[in-house]
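The file model_5.txt contains compact mmCIF, C-alpha atoms:
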# COMPACT_ATOMS: atom_id res chain seq x y z
CA MET A 293 0.00 0.00 0.00
CA SER A 294 1.50 3.36 -1.01
CA THR A 295 2.07 6.17 1.49
CA GLU A 296 -0.56 8.27 -0.26
CA VAL A 297 -3.21 5.57 0.20
CA LEU A 298 -2.21 5.14 3.85
CA VAL A 299 -2.52 8.89 4.42
CA LEU A 300 -5.96 8.91 2.76
CA TRP A 301 -7.14 6.02 4.93
CA ALA A 302 -5.82 7.68 8.08
CA SER A 303 -7.55 10.96 7.11
CA ALA A 304 -10.83 9.20 6.38
CA ILE A 305 -10.79 7.21 9.65
CA ALA A 306 -9.85 10.30 11.69
CA THR A 307 -12.56 12.42 10.03
CA LEU A 308 -15.27 9.80 10.53
CA GLY A 309 -14.01 9.25 14.07
CA VAL A 310 -14.47 12.92 14.93
CA TYR A 311 -17.91 12.94 13.28
CA THR A 312 -19.13 10.19 15.61
CA ILE A 313 -19.81 13.08 18.01
CA LEU A 314 -22.97 13.64 15.93
CA TYR A 315 -24.41 10.49 17.47
CA ARG A 316 -23.33 11.22 21.03
CA GLU A 317 -20.29 12.01 23.18
CA ASN A 318 -17.98 8.97 22.93
CA PRO A 319 -14.35 7.91 23.49
CA VAL A 320 -13.63 7.52 19.75
CA SER A 321 -14.49 11.14 18.93
CA ARG A 322 -12.57 12.28 22.03
CA LEU A 323 -9.51 10.29 20.93
CA PHE A 324 -9.46 11.82 17.45
CA GLU A 325 -10.23 15.27 18.84
CA HIS A 326 -7.10 15.04 21.02
CA ILE A 327 -5.07 13.76 18.07
CA PHE A 328 -6.20 16.70 15.92
CA VAL A 329 -5.51 19.24 18.68
CA GLY A 330 -2.07 17.73 19.35
CA LEU A 331 -1.19 17.71 15.66
CA SER A 332 -2.25 21.30 15.09
CA VAL A 333 -0.42 22.61 18.18
CA GLY A 334 2.71 20.68 17.20
CA TYR A 335 2.49 21.99 13.66
CA LEU A 336 2.01 25.53 14.92
CA ILE A 337 5.07 25.38 17.16
CA VAL A 338 7.31 24.01 14.40
CA ALA A 339 5.86 26.38 11.79
CA THR A 340 6.29 29.40 14.08
CA TRP A 341 9.95 28.55 14.54
CA THR A 342 10.93 27.42 11.04
CA LEU A 343 8.81 29.84 9.00
CA ASN A 344 9.08 32.89 11.17
CA LEU A 345 11.35 33.12 14.21
CA GLU A 346 14.34 31.26 12.80
CA GLY A 347 14.61 33.28 9.59
CA LYS A 348 13.49 36.66 10.84
CA TRP A 349 14.84 36.75 14.36
CA TRP A 350 17.33 33.98 15.28
CA ASN A 351 19.48 33.95 12.14
CA PRO A 352 19.86 37.75 11.84
CA MET A 353 20.65 37.99 15.55
CA VAL A 354 23.06 35.04 15.86
CA HIS A 355 24.56 34.60 12.38
CA GLU A 356 24.34 38.05 10.79
CA GLY A 357 25.50 40.17 13.69
CA ARG A 358 22.26 42.07 14.15
CA TRP A 359 22.50 41.81 17.94
CA TYR A 360 19.77 44.40 18.53
CA TRP A 361 17.15 41.76 17.74
CA ILE A 362 17.69 40.60 21.32
CA LEU A 363 15.44 43.55 22.25
CA ALA A 364 12.43 41.96 20.52
CA PRO A 365 11.75 39.25 23.14
CA ILE A 366 12.43 41.79 25.89
CA VAL A 367 9.65 44.00 24.52
CA GLY A 368 7.44 40.90 24.21
CA LEU A 369 8.16 39.84 27.78
CA LEU A 370 7.09 43.26 29.06
CA PHE A 371 3.50 42.11 28.53
CA TYR A 372 3.86 39.70 31.46
CA PHE A 373 4.26 42.58 33.91
CA ILE A 374 0.47 42.79 33.69
CA TYR A 375 0.50 40.29 36.59
CA SER A 376 2.35 42.71 38.87
CA ARG A 377 0.41 45.64 40.34
CA ARG A 378 3.63 47.57 41.00
CA LEU A 379 5.21 47.03 37.58
CA MET A 380 2.09 46.98 35.45
CA TRP A 381 3.17 50.29 33.87
CA MET A 382 5.85 48.36 31.97
CA ALA A 383 3.22 46.13 30.37
CA ARG A 384 1.32 49.27 29.42
CA LEU A 385 4.38 50.55 27.58
CA ALA A 386 4.42 47.47 25.35
CA MET A 387 0.65 47.59 24.87
CA GLY A 388 0.76 51.27 23.98
CA PHE A 389 3.45 50.61 21.41
CA PHE A 390 1.42 47.89 19.68
CA PHE A 391 -1.88 49.76 20.04
CA GLY A 392 -0.22 52.66 18.26
CA ILE A 393 0.97 50.48 15.39
CA ALA A 394 -2.44 48.82 15.05
CA ALA A 395 -4.26 52.16 15.16
CA GLY A 396 -1.96 53.55 12.48
CA TYR A 397 -2.55 50.60 10.19
CA THR A 398 -6.30 50.75 10.77
CA PHE A 399 -6.44 54.47 10.07
CA ARG A 400 -4.46 54.05 6.87
CA GLN A 401 -6.76 51.28 5.65
CA PHE A 402 -10.06 52.83 6.69
CA PHE A 403 -10.61 55.24 3.80
CA PRO A 404 -9.50 52.94 0.93
CA ILE A 405 -11.80 50.25 2.32
CA TYR A 406 -14.94 52.24 3.09
CA SER A 407 -15.00 55.36 0.94
CA PRO A 408 -15.67 53.46 -2.35
CA GLN A 409 -18.56 51.73 -0.60
CA VAL A 410 -20.00 55.07 0.45
CA TYR A 411 -19.72 56.35 -3.15
CA GLY A 412 -21.18 53.04 -4.34
CA SER A 413 -24.30 53.60 -2.24
CA PHE A 414 -25.17 56.76 -4.20
CA LYS A 415 -27.40 55.16 -6.83
CA PRO A 416 -29.73 56.91 -9.29
CA LEU A 417 -33.36 56.65 -8.25
CA LEU A 418 -34.82 57.71 -11.58
CA PRO A 419 -34.54 55.85 -14.90
CA ASP A 420 -32.10 57.05 -17.53
CA ALA A 421 -30.91 55.95 -20.98
CA GLN A 422 -29.39 52.72 -19.60
CA LEU A 423 -31.74 51.82 -16.76
CA GLY A 424 -35.50 51.32 -17.01
CA TRP A 425 -38.02 51.76 -14.18
CA SER A 426 -37.97 48.05 -13.37
CA ASP A 427 -34.18 48.05 -12.91
CA VAL A 428 -34.23 51.21 -10.83
CA ILE A 429 -37.01 49.97 -8.56
CA LEU A 430 -35.76 46.39 -8.27
CA HIS A 431 -32.13 47.26 -7.65
CA HIS A 432 -31.65 50.82 -6.53
CA TRP A 433 -34.86 51.54 -4.60
CA VAL A 434 -34.70 48.22 -2.76
CA PHE A 435 -31.02 48.87 -1.98
CA ILE A 436 -31.66 52.39 -0.68
CA ILE A 437 -34.67 51.35 1.44
CA ILE A 438 -32.68 48.53 3.04
CA LEU A 439 -29.63 50.76 3.54
CA LEU A 440 -31.69 53.46 5.27
CA SER A 441 -33.58 50.87 7.34
CA VAL A 442 -30.39 49.28 8.60
CA MET A 443 -28.74 52.62 9.31
CA SER A 444 -31.79 53.92 11.18
CA TYR A 445 -31.93 50.68 13.17
CA PHE A 446 -28.36 51.10 14.39
CA PHE A 447 -28.41 54.88 14.81
CA PHE A 448 -31.68 55.05 16.69
CA SER A 449 -31.49 51.88 18.78
CA VAL A 450 -31.77 52.81 22.44
CA PRO A 451 -31.01 50.58 25.41
CA PRO A 452 -34.14 49.41 27.26
CA ALA A 453 -34.90 51.34 30.44
CA VAL A 454 -33.52 49.59 33.54
CA GLY A 455 -36.19 47.48 35.19
CA SER A 456 -38.53 47.45 32.20
CA MET B 176 -58.17 11.65 24.57
CA THR B 177 -58.29 9.91 21.21
CA GLU B 178 -55.76 10.93 18.58
CA SER B 179 -56.39 10.29 14.91
CA ALA B 180 -53.81 8.36 12.82
CA THR B 181 -53.11 11.49 10.67
CA THR B 182 -52.28 13.63 13.68
CA ASN B 183 -50.00 10.97 15.08
CA PHE B 184 -48.13 10.64 11.82
CA TRP B 185 -47.57 14.40 11.36
CA GLU B 186 -46.64 14.89 14.98
CA ARG B 187 -44.17 12.04 14.71
CA MET B 188 -42.71 13.70 11.61
CA GLN B 189 -41.78 16.71 13.77
CA GLN B 190 -40.04 14.55 16.32
CA ILE B 191 -37.74 12.45 14.12
CA PRO B 192 -34.62 11.64 16.19
CA ARG B 193 -31.74 13.71 14.83
CA TYR B 194 -29.51 10.70 14.14
CA TRP B 195 -32.06 9.43 11.58
CA ILE B 196 -31.70 12.74 9.77
CA TYR B 197 -27.89 12.50 9.91
CA LEU B 198 -28.12 8.93 8.63
CA LEU B 199 -30.39 10.01 5.76
CA LEU B 200 -27.98 12.83 4.95
CA ALA B 201 -25.02 10.43 5.02
CA GLY B 202 -26.99 8.12 2.70
CA VAL B 203 -27.65 10.89 0.16
CA VAL B 204 -24.01 12.04 0.31
CA THR B 205 -22.72 8.46 -0.15
CA TRP B 206 -25.16 7.87 -3.03
CA GLN B 207 -23.98 11.04 -4.79
CA ILE B 208 -20.31 10.25 -4.26
CA LEU B 209 -20.73 6.75 -5.70
CA ARG B 210 -23.36 7.46 -8.37
CA PRO B 211 -23.37 11.22 -9.05
CA LEU B 212 -26.32 12.78 -10.83
CA PRO B 213 -24.74 16.03 -12.06
CA LEU B 214 -26.80 19.20 -12.11
CA PRO B 215 -26.14 22.04 -14.56
CA VAL B 216 -23.46 24.51 -13.41
CA VAL B 217 -23.87 27.97 -14.93
CA PRO B 218 -21.08 30.49 -14.20
CA SER B 219 -22.36 33.52 -12.31
CA VAL B 220 -21.40 37.12 -13.04
CA ASP B 221 -19.15 37.11 -9.96
CA THR B 222 -17.19 34.05 -11.14
CA GLN B 223 -16.99 35.39 -14.67
CA GLY B 224 -15.51 38.54 -13.15
CA VAL B 225 -12.58 36.54 -11.70
CA TYR B 226 -11.93 34.84 -15.04
CA ASP B 227 -12.15 38.13 -16.97
CA ALA B 228 -9.82 39.83 -14.50
CA ILE B 229 -7.20 37.10 -15.05
CA ARG B 230 -7.61 37.38 -18.81
CA ALA B 231 -7.21 41.18 -18.67
CA VAL B 232 -3.79 41.09 -16.94
CA PRO B 233 -1.11 42.51 -19.29
CA ASP B 234 1.62 40.03 -20.25
CA ASP B 235 4.34 42.05 -18.54
CA LYS B 236 2.62 41.90 -15.18
CA LEU B 237 2.31 39.23 -12.52
CA ILE B 238 -0.72 37.76 -10.84
CA ILE B 239 -0.44 37.19 -7.08
CA ILE B 240 -2.48 34.27 -5.78
CA SER B 241 -2.63 34.70 -2.04
CA THR B 242 -3.62 31.29 -0.70
CA ASP B 243 -4.61 32.12 2.85
CA TRP B 244 -6.29 28.84 3.69
CA ASP B 245 -5.49 25.51 5.27
CA ALA B 246 -6.91 22.01 5.70
CA SER B 247 -9.97 23.22 7.64
CA THR B 248 -11.45 24.96 4.57
CA GLU B 249 -9.66 22.90 1.94
CA ALA B 250 -12.86 21.38 0.50
CA GLU B 251 -13.89 24.79 -0.83
CA THR B 252 -10.64 26.72 -1.17
CA ALA B 253 -8.49 23.99 -2.79
CA PRO B 254 -10.79 23.57 -5.83
CA GLN B 255 -11.00 27.36 -6.11
CA THR B 256 -7.20 27.61 -6.06
CA ALA B 257 -6.87 24.79 -8.59
CA ALA B 258 -9.36 26.41 -10.97
CA VAL B 259 -7.64 29.82 -10.72
CA VAL B 260 -4.23 28.19 -11.32
CA HIS B 261 -5.59 26.37 -14.39
CA ALA B 262 -7.05 29.64 -15.69
CA CYS B 263 -3.63 31.31 -15.33
CA PHE B 264 -1.84 28.49 -17.15
CA GLN B 265 -4.45 28.33 -19.92
CA LEU B 266 -4.38 32.10 -20.45
CA LYS B 267 -0.56 32.07 -20.23
CA LYS B 268 -0.39 34.50 -17.32
CA LYS B 269 2.55 34.36 -14.94
CA PHE B 270 1.64 34.03 -11.30
CA ALA B 271 3.22 33.93 -7.87
CA ILE B 272 1.69 32.11 -4.94
CA MET B 273 2.08 33.67 -1.52
CA ASN B 274 0.55 33.28 1.86
CA LEU B 275 -0.03 35.58 4.84
CA GLN B 276 -1.80 33.13 7.11
CA PRO B 277 -2.18 30.21 7.93
CA PRO B 278 1.26 28.90 6.89
CA MET B 279 -0.04 25.50 5.73
CA GLY B 280 -1.80 27.13 2.75
CA VAL B 281 1.37 27.78 0.83
CA LYS B 282 2.35 24.10 0.84
CA LEU B 283 -1.12 22.90 -0.16
CA ALA B 284 -1.30 25.47 -2.96
CA ASN B 285 2.21 24.55 -4.09
CA ASP B 286 1.13 20.91 -4.55
CA ILE B 287 -1.88 22.06 -6.61
CA ALA B 288 0.24 24.34 -8.83
CA LYS B 289 2.95 21.70 -9.30
CA GLN B 290 0.34 19.16 -10.43
CA ALA B 291 -1.29 21.64 -12.81
CA ALA B 292 2.08 22.81 -14.19
CA LYS B 293 2.81 19.25 -15.36
CA GLU B 294 -0.35 19.28 -17.50
CA TYR B 295 0.67 22.48 -19.29
CA GLY B 296 4.41 21.87 -19.38
CA ALA B 297 4.89 25.02 -17.31
CA GLU B 298 8.21 25.60 -15.61
CA TYR B 299 8.81 26.72 -12.03
CA GLY B 300 10.47 30.11 -11.87
CA VAL B 301 9.57 30.89 -15.47
CA ASP B 302 5.79 30.56 -15.62
CA TRP B 303 4.99 30.46 -11.95
CA CYS B 304 6.66 30.65 -8.57
CA ASN B 305 5.90 30.40 -4.90
CA TRP B 306 7.04 33.26 -2.66
CA GLY B 307 6.14 31.22 0.40
CA TYR B 308 4.61 32.10 3.73
CA LYS B 309 5.36 35.64 4.81
CA PHE B 310 4.56 36.56 8.39
CA GLY B 311 3.62 40.13 9.23
CA PHE B 312 0.24 40.88 7.63
CA ASP B 313 0.01 44.66 7.07
CA SER B 314 3.79 45.10 7.30
CA VAL B 315 4.35 42.57 4.49
CA LEU B 316 1.87 44.29 2.19
CA LEU B 317 3.19 47.76 2.94
CA ALA B 318 6.78 46.67 2.31
CA MET B 319 5.82 44.64 -0.77
CA ALA B 320 4.23 47.68 -2.37
CA LYS B 321 7.64 49.40 -2.31
CA ASN B 322 10.02 46.51 -2.99
CA ILE B 323 8.88 42.99 -3.85
CA PRO B 324 12.24 41.13 -4.10
CA LYS B 325 13.50 42.54 -0.82
CA THR B 326 10.24 41.86 1.03
CA MET B 327 9.84 38.34 -0.28
CA GLY B 328 13.48 37.40 0.21
CA GLU B 329 13.54 33.67 -0.47
CA ASP B 330 10.90 31.60 -2.20
CA PHE B 331 9.22 28.42 -0.93
CA TYR B 332 12.33 26.37 -1.82
CA GLY B 333 14.84 28.78 -0.29
CA THR B 334 15.95 30.37 -3.57
CA PRO B 335 16.23 34.18 -3.56
CA VAL B 336 13.17 35.36 -5.51
CA SER B 337 15.33 37.83 -7.43
CA ASP B 338 17.16 34.82 -8.97
CA LEU B 339 13.98 33.47 -10.59
CA PRO B 340 13.77 34.29 -14.32
CA MET B 341 10.15 35.44 -14.13
CA MET B 342 11.09 37.97 -11.44
CA LYS B 343 13.32 39.88 -13.82
CA GLY B 344 11.99 43.42 -13.93
CA VAL B 345 9.61 42.84 -11.03
CA LYS B 346 10.25 45.68 -8.62
CA ASP B 347 7.23 46.91 -6.75
CA VAL B 348 3.44 47.00 -6.76
CA ASN B 349 3.44 48.39 -10.31
CA SER B 350 4.59 44.97 -11.52
CA ILE B 351 1.39 43.39 -10.21
CA GLY B 352 -1.55 43.07 -12.60
CA LEU B 353 -4.00 41.31 -10.30
CA VAL B 354 -4.29 39.95 -6.78
CA VAL B 355 -6.48 36.89 -6.31
CA GLU B 356 -6.98 36.19 -2.65
CA ILE B 357 -8.39 32.78 -1.75
CA THR B 358 -9.15 32.45 1.91
CA GLY B 359 -11.24 31.02 4.70
CA LEU B 360 -10.21 33.82 7.06
CA SER B 361 -11.95 37.16 7.38
CA GLY B 362 -9.89 40.32 7.75
CA LEU B 363 -7.21 39.64 5.14
CA THR B 364 -9.29 41.03 2.27
CA GLU B 365 -9.59 44.32 4.14
CA MET B 366 -5.78 44.46 4.36
CA TRP B 367 -5.32 43.76 0.64
CA ILE B 368 -7.94 46.35 -0.28
CA GLY B 369 -6.83 48.92 2.28
CA LEU B 370 -3.12 48.71 1.51
CA ILE B 371 -2.82 47.51 -2.11
CA GLN B 372 -6.04 47.66 -4.14
CA GLY B 373 -7.21 51.04 -2.85
CA PRO B 374 -3.99 53.09 -2.72
CA TYR B 375 -2.38 51.60 -5.87
CA GLN B 376 -5.51 50.65 -7.87
CA VAL B 377 -4.30 47.07 -8.39
CA PRO B 378 -7.23 44.91 -9.59
CA PHE B 379 -8.41 42.50 -6.92
CA ALA B 380 -10.48 39.30 -7.06
CA SER B 381 -11.21 36.72 -4.42
CA GLY B 382 -12.40 33.26 -3.45
CA TYR B 383 -14.12 32.65 -0.12
CA THR B 384 -15.79 29.87 1.78
CA ALA B 385 -19.54 30.04 1.23
CA VAL B 386 -20.23 30.99 4.84
CA MET B 387 -18.05 34.13 4.74
CA ALA B 388 -18.82 35.31 1.19
CA PRO B 389 -22.01 37.33 1.98
CA GLY B 390 -19.97 39.76 4.06
CA TYR B 391 -17.87 40.69 1.02
CA TYR B 392 -20.60 41.45 -1.52
CA PRO B 393 -20.41 45.21 -0.77
CA PHE B 394 -16.84 45.13 -2.17
CA LEU B 395 -18.19 43.71 -5.42
CA ASP B 396 -20.96 46.28 -5.61
CA SER B 397 -18.47 49.12 -5.10
CA LYS B 398 -16.18 47.62 -7.80
CA GLN B 399 -13.31 47.20 -5.33
CA MET B 400 -13.39 43.55 -6.36
CA ALA B 401 -13.44 42.46 -9.97
CA GLY B 402 -15.01 39.11 -9.11
CA MET B 403 -15.58 36.59 -6.37
CA LEU B 404 -15.68 32.79 -6.12
CA VAL B 405 -18.26 31.71 -3.56
CA GLY B 406 -17.48 28.39 -1.89
CA ALA B 407 -17.54 25.12 -3.81
CA LYS B 408 -20.13 26.64 -6.15
CA GLY B 409 -17.66 29.31 -7.23
CA ALA B 410 -14.98 26.65 -7.72
CA ALA B 411 -17.35 24.56 -9.86
CA GLU B 412 -18.30 27.59 -11.97
CA MET B 413 -14.64 28.45 -12.49
CA GLU B 414 -13.98 24.83 -13.52
CA VAL B 415 -16.70 25.18 -16.14
CA LEU B 416 -15.02 28.35 -17.44
CA VAL B 417 -11.64 26.61 -17.75
CA HIS B 418 -13.35 23.56 -19.36
CA ARG B 419 -12.01 21.25 -16.72
CA GLN B 420 -14.73 19.87 -14.48
CA ASP B 421 -13.03 18.44 -11.45
CA ARG B 422 -13.36 18.42 -7.69
CA GLY B 423 -15.46 21.58 -7.46
CA VAL B 424 -18.19 20.12 -9.69
CA LYS B 425 -18.06 16.82 -7.76
CA ILE B 426 -18.41 18.61 -4.43
CA ILE B 427 -21.21 20.93 -5.56
CA THR B 428 -23.15 17.96 -7.01
CA VAL B 429 -23.08 16.17 -3.65
CA GLN B 430 -23.76 19.41 -1.79
CA SER B 431 -26.73 20.33 -4.00
CA TRP B 432 -28.42 16.97 -3.42
CA ALA B 433 -27.76 17.25 0.33
CA HIS B 434 -29.28 20.75 0.27
CA MET B 435 -32.32 19.41 -1.57
CA LEU B 436 -32.79 16.78 1.14
CA ILE B 437 -32.59 19.43 3.86
CA ILE B 438 -35.08 21.67 2.00
CA ALA B 439 -37.45 18.70 1.61
CA LEU B 440 -37.16 17.94 5.34
CA ILE B 441 -37.84 21.59 6.24
CA ILE B 442 -40.94 21.58 4.03
CA LEU B 443 -42.05 18.26 5.51
CA GLY B 444 -41.56 19.55 9.04
CA ASN B 445 -43.52 22.74 8.37
CA VAL B 446 -46.36 20.99 6.56
CA GLY B 447 -46.47 18.49 9.42
CA TYR B 448 -46.59 21.31 11.95
CA LEU B 449 -49.48 23.05 10.15
CA LEU B 450 -51.47 19.84 9.65
CA ALA B 451 -50.91 18.72 13.23
CA ARG B 452 -52.03 22.13 14.52
CA ARG B 453 -55.12 22.09 12.32
CA GLN B 454 -55.97 18.55 13.45
CA ALA B 455 -55.44 19.49 17.08
CA ALA B 456 -57.68 22.56 16.72
CA ARG B 457 -60.38 20.39 15.17
CA GLU B 458 -60.17 18.03 18.13
CA GLY B 459 -60.04 20.87 20.63
CA ARG B 460 -56.57 20.16 22.08
CA SER B 461 -53.17 21.81 21.81
CA ALA B 462 -50.68 20.41 19.29
CA SER B 463 -47.45 19.00 20.73
Show me, as structure tokens, the structure contained in the file I just sent.
Amino acid sequence: MSTEVLVLWASAIATLGVYTILYRENPVSRLFEHIFVGLSVGYLIVATWTLNLEGKWWNPMVHEGRWYWILAPIVGLLFYFIYSRRLMWMARLAMGFFFGIAAGYTFRQFFPIYSPQVYGSFKPLLPDAQLGWSDVILHHWVFIIILLSVMSYFFFSVPPAVGS
Amino acid sequence: MTESATTNFWERMQQIPRYWIYLLLAGVVTWQILRPLPLPVVPSVDTQGVYDAIRAVPDDKLIIISTDWDASTEAETAPQTAAVVHACFQLKKKFAIMNLQPPMGVKLANDIAKQAAKEYGAEYGVDWCNWGYKFGFDSVLLAMAKNIPKTMGEDFYGTPVSDLPMMKGVKDVNSIGLVVEITGLSGLTEMWIGLIQGPYQVPFASGYTAVMAPGYYPFLDSKQMAGMLVGAKGAAEMEVLVHRQDRGVKIITVQSWAHMLIIALIILGNVGYLLARRQAAREGRSAS
């Protein structure tokens, strides 16, 4: 039996084994669930090292003389000061740094993502040379009514009064 | 209280144990895998958009196929990737596979491209290449826009990408004619559109799992996306366009029959509910 066939059989048995949960909780589905979780965690650890840390952090730091990469895990470890009341400010430094980066990225992406959709929502509501009444009503009017309904739902939703 | 036979039957129809339904579903799926009854697959406008976008790429530009998927969504995303790769080979467009997350996607897509390349006699590094998994999300895309060879570094096999013949002249985002992102993860499309498609006006098309596709229709409507493959159906439609009916068509055939069974069961359940209620009202009792 070739390796490929063996792999296919193993995949099929493992998949069906996990699906036995559909009948009821049982040791077979548990067994394959643990196998899947173990495999994926193992894969993630190896992949994180070989595809990321080794090439981008370890090799430059150890083999290419870029010693300053030693600072990267130090910044990462600052997060763990969250467990100390006295030194929590150090964790906040790291968080602030990454919040800043994330906010910058988000701000940069916001307009290219959403502004074309805002322009796209401006649709003609009267027929012209290319669009007949049926097209306008079926596509544009329905679109605008739903758009306004959804927007009004979210803008004018109010929390229920306490105790009501 | 006396219950009529009709009421009993319809009430029983609403209380079918769930494992009978699963068994019935498994039966239909097995039947369709062993003896498929194909249904017509007609390419939608969205799928046609992906194909047309590939065809419209100028010969001096590259297509990026970002395969951000792994085994968990492989049933839908692998046939989509295969169909897009076949379209590129058939239309003689050069493409580069890359991957932002999860890292397994780049290996699975590499196997698909290698297999397809054999059929067309395409050569690695000349007609297609694999830039590999690149960690860093936004940072990768921002850097890639300015300098592709430096950002990508080495390819999937450890060769510097600048050494590949097809990378000659490829400098920055201006060398890219289309990005096709195939993914089972939400959030990556927003990065591609926010950092590459929007600022640099690079055409963008996509392939998603069926469950996440509805959230991306606004991007089609606003023309930020040239086209979209929706789940296995999108893969099957793309296979029809490349005249190569394969796994996508097989999957959608099975899925369509399974959907028909579920629809029939929903109708049966609702009819049963209405009839049981009517019967109960006639007999002056509440339906179960």
Please determine the contact residues of chain A with respect to chain B at a cut-off of 8 Å, counting only C-alpha atoms, and supply them as number ranges by chain.
A: 314-315, 339, 343-344, 397, 400-405, 408-409, 411-413
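Neighbours of stretch 296-306 of chain B closer than or equal to 9 Å, with all atoms listed in the file counted and sequence neighbours fewer than 6 positions away skipped, come out as Phe264, Lys267, Lys268, Lys269, Phe270, Ala271, Ile272, Met273, Asn274, Val281, Ala284, Asn285, Ala288, Lys289, Met327, Gly328, Glu329, Asp330, Phe331, Tyr332, Val336, Asp338, Leu339, Pro340, Met341 and Met342 of chain B.
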So what do you get for atom CA of A:Arg377 versus atom CA of A:Ala395, distance-wise?
26.4 Å
List the neighbours of stretch 347-354 of chain A out to 10 Å using only C-alpha atoms; skip same-chain residues closer than 6 positions along the sequence, and give me the result as a compact mmCIF listing (two decimals) with C-alpha atoms, keeping the file's coordinate frame.
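File around-v2.txt, as written:
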# COMPACT_ATOMS: atom_id res chain seq x y z
CA TRP A 341 9.95 28.55 14.54
CA TYR A 360 19.77 44.40 18.53
CA TRP A 361 17.15 41.76 17.74
CA ILE A 362 17.69 40.60 21.32
CA ALA A 364 12.43 41.96 20.52
CA PRO A 365 11.75 39.25 23.14
CA PHE B 310 4.56 36.56 8.39
Taking all atoms of stretch 404-409 of chain A that the file lists, what box with edges along x, y and z, padded by 6 Å per side, do you get, with centre and edge lengths in Å to one decimal, as AutoDock Vina command-line options?
--center_x -14.0 --center_y 52.8 --center_z 0.4 --size_x 21.1 --size_y 17.1 --size_z 17.4
Using only C-alpha atoms, which protein or nucleic acid residues come within 8 Å of B:Val348? Drop anything in the same chain fewer than 5 positions from it, and give the result as a compact mmCIF listing (two decimals) with C-alpha atoms, keeping the file's coordinate frame.
# COMPACT_ATOMS: atom_id res chain seq x y z
CA MET B 319 5.82 44.64 -0.77
CA ALA B 320 4.23 47.68 -2.37
CA LYS B 321 7.64 49.40 -2.31
CA ASN B 322 10.02 46.51 -2.99
CA ILE B 323 8.88 42.99 -3.85
CA ILE B 371 -2.82 47.51 -2.11
CA TYR B 375 -2.38 51.60 -5.87
CA VAL B 377 -4.30 47.07 -8.39
Long-range neighbours of B:Ala262 as an MDAnalysis selection string, 12 Å cut-off, only C-alpha atoms, 4 positions minimum in chain:
chainID B and resid 222:223 225:232 238 240 255:258 266:270 288 291:292 295 355 410 413:419
Figure out the distance between atom CA of A:Trp301 and atom CA of B:Thr242, please, to one decimal in Å.
26.1 Å
Give me the residues near B:Phe379 as a list of chain:residue names, where near means some atom within 6 Å (using all atoms listed in the file) and where sequence neighbours in that chain fewer than 6 positions away do not count.
B:Leu353, B:Val354, B:Val355, B:Met400, B:Ala401
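Within 12 Å of the file-frame point (-42.0, 15.7, 12.6), and using only C-alpha atoms, the polymer residues found are B:Thr182, B:Asn183, B:Phe184, B:Trp185, B:Glu186, B:Arg187, B:Met188, B:Gln189, B:Gln190, B:Ile191, B:Pro192, B:Arg193, B:Trp195, B:Ile196, B:Leu440, B:Ile441, B:Ile442, B:Leu443, B:Gly444, B:Asn445, B:Val446, B:Gly447, B:Tyr448, B:Leu449, B:Leu450, B:Ala451, B:Ala462, B:Ser463.
Take atom CA of B:Glu294 and atom CA of B:Gln265: the distance between them is 10.2 Å.
The smallest atom-to-atom distance between B:Glu249 and any of B:Cys263, B:Ala201, B:Leu275, B:Ile287, using all atoms listed in the file, is found for B:Ile287.
Using all atoms listed in the file for every distance, the candidate list B:Ile239, B:Leu214, B:Leu436, B:Ala455 yields B:Leu214 as the residue closest to B:Glu412.
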Output requested as a PDB file, in the frame of the given file - stretch 293-301 of chain A, filled out with N, CA and C atoms.
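Saved as part32.pdb:
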ATOM      1  N   MET A 293       0.842  -1.203   0.000  1.00  0.00           N
ATOM      2  CA  MET A 293       0.000   0.000   0.000  1.00  0.00           C
ATOM      3  C   MET A 293       0.884   1.263   0.000  1.00  0.00           C
ATOM      4  N   SER A 294       0.626   2.179  -0.917  1.00  0.00           N
ATOM      5  CA  SER A 294       1.500   3.360  -1.010  1.00  0.00           C
ATOM      6  C   SER A 294       1.236   4.308   0.166  1.00  0.00           C
ATOM      7  N   THR A 295       2.193   5.205   0.383  1.00  0.00           N
ATOM      8  CA  THR A 295       2.070   6.170   1.490  1.00  0.00           C
ATOM      9  C   THR A 295       0.830   7.036   1.295  1.00  0.00           C
ATOM     10  N   GLU A 296       0.583   7.400   0.022  1.00  0.00           N
ATOM     11  CA  GLU A 296      -0.560   8.270  -0.260  1.00  0.00           C
ATOM     12  C   GLU A 296      -1.872   7.609   0.156  1.00  0.00           C
ATOM     13  N   VAL A 297      -1.991   6.310  -0.160  1.00  0.00           N
ATOM     14  CA  VAL A 297      -3.210   5.570   0.200  1.00  0.00           C
ATOM     15  C   VAL A 297      -3.329   5.481   1.718  1.00  0.00           C
ATOM     16  N   LEU A 298      -2.194   5.226   2.380  1.00  0.00           N
ATOM     17  CA  LEU A 298      -2.210   5.140   3.850  1.00  0.00           C
ATOM     18  C   LEU A 298      -2.665   6.471   4.464  1.00  0.00           C
ATOM     19  N   VAL A 299      -2.148   7.567   3.912  1.00  0.00           N
ATOM     20  CA  VAL A 299      -2.520   8.890   4.420  1.00  0.00           C
ATOM     21  C   VAL A 299      -4.022   9.122   4.225  1.00  0.00           C
ATOM     22  N   LEU A 300      -4.525   8.733   3.043  1.00  0.00           N
ATOM     23  CA  LEU A 300      -5.960   8.910   2.760  1.00  0.00           C
ATOM     24  C   LEU A 300      -6.812   8.098   3.734  1.00  0.00           C
ATOM     25  N   TRP A 301      -6.395   6.850   3.987  1.00  0.00           N
ATOM     26  CA  TRP A 301      -7.140   6.020   4.930  1.00  0.00           C
ATOM     27  C   TRP A 301      -7.127   6.627   6.324  1.00  0.00           C
TER      28      TRP A 301
END
